[in-house]
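Written out below as structure tokens is the structure these notes cover.
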Amino acid sequence: MKKLIVAVVFAWAAAFASAHAQDLTEQQAHDAMDFAMHDAVFTTYHEIGHLLVGELDLPVLGKEEDAADALATILLLNDDADDDSYNVLVDSADGWYFNAVKSTGAGVEDFSYYDEHSLDIQRAYAMVCMMVGKDPEAFAQTADAYDLDQDRRDGCAYTYAQALTSWVKLLEPHEVKQERGAAISVVYDDAGDFSEFAKELQQRQILERAAEMIASSYVLPEPITFRGTLCGEANAYYSSSDSELTYCYELAADMFGLYVNDIMSLSDEASSDDSSGQDQTADQGVEPKQRPMSADSRMVDLSGSLSDGTPPPK
Ligand SMILES: [Zn+2]
């Protein structure tokens with residue numbers, strides 16, 4: 001399950017997307033939707049981590065939530081069929097970061113230290129570490145924005161390699177050799193007030209692409225459903241008893257709202273405060289992270305992604 005520390009007013013978020021969309025420029029609305037959809041991609045891959053553990057009966061050392069984050073990051077770092085996957089990762093890390101920033105004022109007792117998930121801020125940094133470990137040049141600006149010093153960047157190369165090797169070893173016996181296993185079907189339920197987000201998910205084929213990637217790579221023992229639906233909360237989950245991965249439309253609205261209220265507004269404050277010569281956001285201890293990289297800054301070389309010559313898990 002994806003945990004969001006801060007409770008969100010879903011009705012507001014839905015209304016924001018429709019009634020207040022005219023208050024945003026077309027570019028801003030586009031950027032916010034991009035951000036929400038990027039998070040949807042990462043979330044789906046995270047849930048796929050849970051799904052593979054459940055369906056393939058894989059052992060897990062440490063927190064399963066951390067392992068699922070690691071797999072999602074690895075899959076996206078090695079998804080050379082999607083030239084947007086690096087932007088997905090940057091936005092998803094920023095999502096955790098800004099969720100954490102948003103909740104910082106809530107008081108230390110409000111954090112769920114006993115939660116099955118690591119804290120949002122830890123999830124953000126763990127992701128960035130893997131990204132920098134895999135591709136230090138492409139993610140150099142991200143590493144700067146997250147203040148990773150050179151020692152840590154070097155250490156992240158090991159962290160990434162270890163996570164990659166571990167997942168590849170676990171998944172290798174389940175790889176599709178000749179025959180595929182059980183199929184994954186994709187279903188979109190009625191989205192009510194959240195139809196804009198459901199439409200966007202479908203247009204981008206987010207669940208379909210993830211389903212095809214998994215079904216074509218690993219032999220699944222039983223049929224699975226990937227479902228987009230209304231849940232009554234901003235969440236996503238895998239249920240082994242239902243053989244189902246669920247993405248809640250409310251989560252997309254939630255991330256859209258996070259972008260508009262907590263990321264876009266901070267950038268605006270920073271740029272409107274130029275005359276003082278001070279970085280207002282830095283004063284608040286809040287730094288908008290590097291926004292998605294331009295296409296030409298993403299130089300991906302997958303040839304060296306696995307030191308032992310095993311193909312990446314795809
Ligand atoms: Zn999870």
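We name chains A, B, ... following the order of the structure tokens; residues begin at 1 in each chain, and ligands are numbered from 1 as shown.
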
task: Please extract the residues at most 12 Å from ligand 1, counting only C-alpha atoms and all ligand atoms, and provide them as an MDAnalysis selection string, using the chain letters and residue numbers of this document.
output: chainID A and resid 1:4 42:53 63:72 115:118 123 235:239 245:247

Please produce a file of the residues just selected, as a PDB file, in the first residue's frame, where the atoms kept are C-alpha atoms.
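selection_7.pdb was written with the following content:
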```pdb
ATOM      1  CA  MET A   1       0.000   0.000   0.000  1.00  0.00           C
ATOM      2  CA  LYS A   2       1.081   3.478  -0.713  1.00  0.00           C
ATOM      3  CA  LYS A   3       0.968   5.634   2.357  1.00  0.00           C
ATOM      4  CA  LEU A   4       0.290   9.337   2.268  1.00  0.00           C
ATOM      5  CA  PHE A  42       5.868   4.704 -10.220  1.00  0.00           C
ATOM      6  CA  THR A  43       3.018   3.645  -7.926  1.00  0.00           C
ATOM      7  CA  THR A  44       1.960   0.921 -10.354  1.00  0.00           C
ATOM      8  CA  TYR A  45       5.508  -0.443 -10.492  1.00  0.00           C
ATOM      9  CA  HIS A  46       5.747  -0.280  -6.709  1.00  0.00           C
ATOM     10  CA  GLU A  47       2.576  -2.355  -6.424  1.00  0.00           C
ATOM     11  CA  ILE A  48       4.033  -4.724  -9.007  1.00  0.00           C
ATOM     12  CA  GLY A  49       6.851  -5.279  -6.519  1.00  0.00           C
ATOM     13  CA  HIS A  50       4.275  -6.471  -3.969  1.00  0.00           C
ATOM     14  CA  LEU A  51       2.557  -8.497  -6.670  1.00  0.00           C
ATOM     15  CA  LEU A  52       5.724 -10.340  -7.675  1.00  0.00           C
ATOM     16  CA  VAL A  53       6.541 -11.101  -4.040  1.00  0.00           C
ATOM     17  CA  LYS A  63      10.934  -4.121   4.676  1.00  0.00           C
ATOM     18  CA  GLU A  64       8.816  -5.284   1.765  1.00  0.00           C
ATOM     19  CA  GLU A  65       7.830  -1.655   1.154  1.00  0.00           C
ATOM     20  CA  ASP A  66      11.467  -0.667   0.654  1.00  0.00           C
ATOM     21  CA  ALA A  67      11.993  -3.664  -1.625  1.00  0.00           C
ATOM     22  CA  ALA A  68       8.947  -2.648  -3.700  1.00  0.00           C
ATOM     23  CA  ASP A  69      10.311   0.904  -4.036  1.00  0.00           C
ATOM     24  CA  ALA A  70      13.671  -0.521  -5.099  1.00  0.00           C
ATOM     25  CA  LEU A  71      12.107  -2.755  -7.755  1.00  0.00           C
ATOM     26  CA  ALA A  72       9.985   0.076  -9.120  1.00  0.00           C
ATOM     27  CA  ASP A 115       4.606   2.155   9.896  1.00  0.00           C
ATOM     28  CA  GLU A 116       5.426  -0.613   7.460  1.00  0.00           C
ATOM     29  CA  HIS A 117       6.654   2.090   5.096  1.00  0.00           C
ATOM     30  CA  SER A 118       9.766   4.144   5.598  1.00  0.00           C
ATOM     31  CA  ARG A 123      11.690   7.050   0.447  1.00  0.00           C
ATOM     32  CA  ASN A 235      -4.128   4.904  -2.448  1.00  0.00           C
ATOM     33  CA  ALA A 236      -3.021   1.898  -4.435  1.00  0.00           C
ATOM     34  CA  TYR A 237      -2.669  -1.730  -3.407  1.00  0.00           C
ATOM     35  CA  TYR A 238      -2.089  -5.319  -4.388  1.00  0.00           C
ATOM     36  CA  SER A 239      -4.389  -7.969  -2.973  1.00  0.00           C
ATOM     37  CA  LEU A 245      -3.599  -4.608  -8.333  1.00  0.00           C
ATOM     38  CA  THR A 246      -5.693  -1.517  -7.678  1.00  0.00           C
ATOM     39  CA  TYR A 247      -4.870   2.065  -8.573  1.00  0.00           C
TER      40      TYR A 247
END
```

List every residue of segment 39-154 of chain A that has an atom at most 12 Å from any atom of segment 21-35 of chain A, giving for each one its closest atom pair and the distance in Å to one decimal, counting only C-alpha atoms, sorted by chain and then by ascending residue number, as a tab-separated table.
```
residue	atom	partner	partner_atom	distance
A:Asp39	CA	A:Phe35	CA	6.3
A:Ala40	CA	A:Phe35	CA	8.7
A:Val41	CA	A:Phe35	CA	10.0
A:Phe42	CA	A:Phe35	CA	10.8
A:Asp84	CA	A:Asp34	CA	10.4
A:Ser85	CA	A:Asp34	CA	12.0
A:Asn87	CA	A:Phe35	CA	9.0
A:Val88	CA	A:Phe35	CA	7.9
A:Leu89	CA	A:Phe35	CA	10.3
A:Val90	CA	A:Phe35	CA	9.6
A:Asp91	CA	A:Phe35	CA	6.1
A:Ser92	CA	A:Phe35	CA	7.9
A:Ala93	CA	A:Phe35	CA	10.9
A:Asp94	CA	A:Phe35	CA	9.4
A:Gly95	CA	A:Phe35	CA	8.4
```

Practice prompt. Tell me, as a ChimeraX atom specification, which residues lie within 10 Å of Tyr125 of chain A, counting only C-alpha atoms; anything in the same chain fewer than 4 positions away does not count.
Written response: /A:93-94,96-97,120-121,129-131,143,146-148

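Note that the spacing between atom CA of Glu196 of chain A and atom CA of Leu251 of chain A amounts to 12.6 Å.
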
Between atom CA of Pro223 of chain A and atom CA of Arg209 of chain A, what distance in Å does the model show, to one decimal?
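Separating atom CA of Pro223 of chain A from atom CA of Arg209 of chain A is a distance of 16.5 Å.
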
Between A:Val101, A:Arg227, A:Phe256, A:Cys156, which residue has the minimum interatomic distance to Ala210 of chain A, considering only C-alpha atoms?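 Smallest separation from Ala210 of chain A among the options: A:Arg227.
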
Inset, instruction - Return as a ChimeraX atom specification the full set of residues in segment 86-286 of chain A whose backbone-based DSSP assignment is helix (DSSP H, G or I). - result: /A:86-106,108-110,120-134,140-145,150-174,192-203,206-217,249-272,274-276,280-283

Save out the residues we just selected, C-alpha atoms, as a CSV table (one decimal), in the first residue's frame.
```csv
chain,number,residue,atom,x,y,z
A,86,TYR,CA,13.7,9.1,-15.9
A,87,ASN,CA,11.3,12.0,-15.6
A,88,VAL,CA,8.9,9.6,-13.9
A,89,LEU,CA,11.6,8.9,-11.3
A,90,VAL,CA,12.5,12.5,-10.6
A,91,ASP,CA,8.8,13.4,-10.2
A,92,SER,CA,8.1,10.5,-8.0
A,93,ALA,CA,11.0,11.2,-5.7
A,94,ASP,CA,9.9,14.9,-5.5
A,95,GLY,CA,6.4,13.6,-4.7
A,96,TRP,CA,7.7,11.9,-1.6
A,97,TYR,CA,9.9,14.8,-0.8
A,98,PHE,CA,7.1,17.4,-0.9
A,99,ASN,CA,4.7,15.1,0.9
A,100,ALA,CA,7.3,15.1,3.7
A,101,VAL,CA,7.8,18.9,3.5
A,102,LYS,CA,4.0,19.3,3.7
A,103,SER,CA,3.8,17.3,6.9
A,104,THR,CA,6.9,18.6,8.6
A,105,GLY,CA,4.9,21.2,10.6
A,106,ALA,CA,2.6,18.5,11.9
A,108,VAL,CA,7.2,14.8,15.3
A,109,GLU,CA,4.5,12.7,17.1
A,110,ASP,CA,2.4,12.7,14.0
A,120,ASP,CA,8.3,9.8,3.0
A,121,ILE,CA,11.5,11.7,3.2
A,122,GLN,CA,13.5,8.5,3.4
A,123,ARG,CA,11.7,7.0,0.4
A,124,ALA,CA,12.6,10.1,-1.6
A,125,TYR,CA,16.3,9.9,-0.7
A,126,ALA,CA,16.4,6.1,-1.2
A,127,MET,CA,15.0,6.5,-4.7
A,128,VAL,CA,17.4,9.4,-5.5
A,129,CYS,CA,20.3,7.3,-4.3
A,130,MET,CA,19.4,4.4,-6.6
A,131,MET,CA,19.0,6.8,-9.5
A,132,VAL,CA,22.3,8.4,-9.0
A,133,GLY,CA,23.9,5.0,-8.4
A,134,LYS,CA,22.7,3.8,-11.8
A,140,ALA,CA,23.8,14.9,-11.4
A,141,GLN,CA,21.4,17.8,-11.0
A,142,THR,CA,19.0,15.7,-8.9
A,143,ALA,CA,21.9,14.7,-6.7
A,144,ASP,CA,22.9,18.4,-6.3
A,145,ALA,CA,19.3,19.3,-5.5
A,150,GLN,CA,30.5,12.7,-3.5
A,151,ASP,CA,31.0,10.0,-1.0
A,152,ARG,CA,27.3,9.2,-0.9
A,153,ARG,CA,27.1,9.3,-4.6
A,154,ASP,CA,29.9,6.7,-4.8
A,155,GLY,CA,28.2,4.6,-2.2
A,156,CYS,CA,24.9,4.8,-4.1
A,157,ALA,CA,26.5,2.9,-7.0
A,158,TYR,CA,27.0,0.0,-4.7
A,159,THR,CA,23.5,0.3,-3.3
A,160,TYR,CA,22.0,0.3,-6.8
A,161,ALA,CA,24.1,-2.6,-7.9
A,162,GLN,CA,23.2,-4.7,-4.9
A,163,ALA,CA,19.5,-4.1,-5.3
A,164,LEU,CA,19.7,-4.8,-9.0
A,165,THR,CA,21.6,-8.1,-8.5
A,166,SER,CA,19.3,-9.2,-5.7
A,167,TRP,CA,16.1,-8.6,-7.7
A,168,VAL,CA,17.5,-10.2,-10.9
A,169,LYS,CA,18.6,-13.3,-8.9
A,170,LEU,CA,15.2,-13.7,-7.4
A,171,LEU,CA,13.3,-13.1,-10.6
A,172,GLU,CA,15.5,-15.1,-12.9
A,173,PRO,CA,13.8,-18.5,-12.3
A,174,HIS,CA,10.5,-17.0,-13.2
A,192,GLY,CA,-17.3,9.8,-11.4
A,193,ASP,CA,-15.8,13.2,-10.6
A,194,PHE,CA,-12.3,11.8,-11.3
A,195,SER,CA,-12.9,11.0,-14.9
A,196,GLU,CA,-10.3,13.4,-16.2
A,197,PHE,CA,-7.7,11.4,-14.3
A,198,ALA,CA,-9.1,8.1,-15.4
A,199,LYS,CA,-9.1,9.3,-19.0
A,200,GLU,CA,-5.5,10.4,-18.8
A,201,LEU,CA,-4.4,7.0,-17.3
A,202,GLN,CA,-6.1,5.2,-20.2
A,203,GLN,CA,-4.7,7.5,-22.9
A,206,ILE,CA,-0.2,3.3,-17.9
A,207,LEU,CA,-1.7,0.1,-16.5
A,208,GLU,CA,-1.6,-1.6,-19.9
A,209,ARG,CA,2.1,-0.9,-20.4
A,210,ALA,CA,3.0,-2.2,-16.9
A,211,ALA,CA,0.8,-5.2,-17.4
A,212,GLU,CA,2.4,-6.1,-20.7
A,213,MET,CA,5.9,-5.6,-19.3
A,214,ILE,CA,5.3,-8.0,-16.4
A,215,ALA,CA,3.3,-10.6,-18.3
A,216,SER,CA,5.9,-10.8,-21.1
A,217,SER,CA,8.7,-11.0,-18.6
A,249,TYR,CA,-8.2,7.6,-9.2
A,250,GLU,CA,-8.2,9.7,-6.1
A,251,LEU,CA,-4.4,9.3,-5.8
A,252,ALA,CA,-4.0,11.0,-9.2
A,253,ALA,CA,-6.1,13.9,-8.0
A,254,ASP,CA,-4.1,14.0,-4.8
A,255,MET,CA,-0.8,14.3,-6.7
A,256,PHE,CA,-2.2,16.8,-9.0
A,257,GLY,CA,-3.1,18.9,-6.0
A,258,LEU,CA,0.3,18.4,-4.4
A,259,TYR,CA,1.9,19.7,-7.5
A,260,VAL,CA,-0.3,22.8,-7.8
A,261,ASN,CA,-0.3,23.7,-4.1
A,262,ASP,CA,3.1,22.6,-2.8
A,263,ILE,CA,5.5,22.5,-5.8
A,264,MET,CA,4.2,25.1,-8.3
A,265,SER,CA,3.5,27.7,-5.6
A,266,LEU,CA,7.0,27.3,-4.1
A,267,SER,CA,8.5,27.9,-7.5
A,268,ASP,CA,6.3,31.0,-7.9
A,269,GLU,CA,7.4,32.3,-4.5
A,270,ALA,CA,11.0,31.8,-5.4
A,271,SER,CA,10.8,33.6,-8.7
A,272,SER,CA,8.7,36.5,-7.4
A,274,ASP,CA,14.1,37.9,-6.8
A,275,SER,CA,14.4,41.6,-5.7
A,276,SER,CA,15.3,40.7,-2.1
A,280,GLN,CA,12.8,32.6,0.1
A,281,THR,CA,12.2,28.9,-0.2
A,282,ALA,CA,15.7,28.1,1.0
A,283,ASP,CA,14.9,30.3,4.1
```

**Report entry** Test item: residues at most 8 Å from Asp189 of chain A, only C-alpha atoms, excluding those fewer than 6 positions along its chain, as a PyMOL selection string
**Finding:** chain A and resi 227-230

| field | Residues of segment 11-244 of chain A in strand (DSSP E or B), written as an MDAnalysis selection string | value | chainID A and resid 175 184:188 218 224:229 236:239 244

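Rounded to one decimal, atom CA of Glu175 of chain A and atom CA of Ala81 of chain A lie 18.5 Å from each other.
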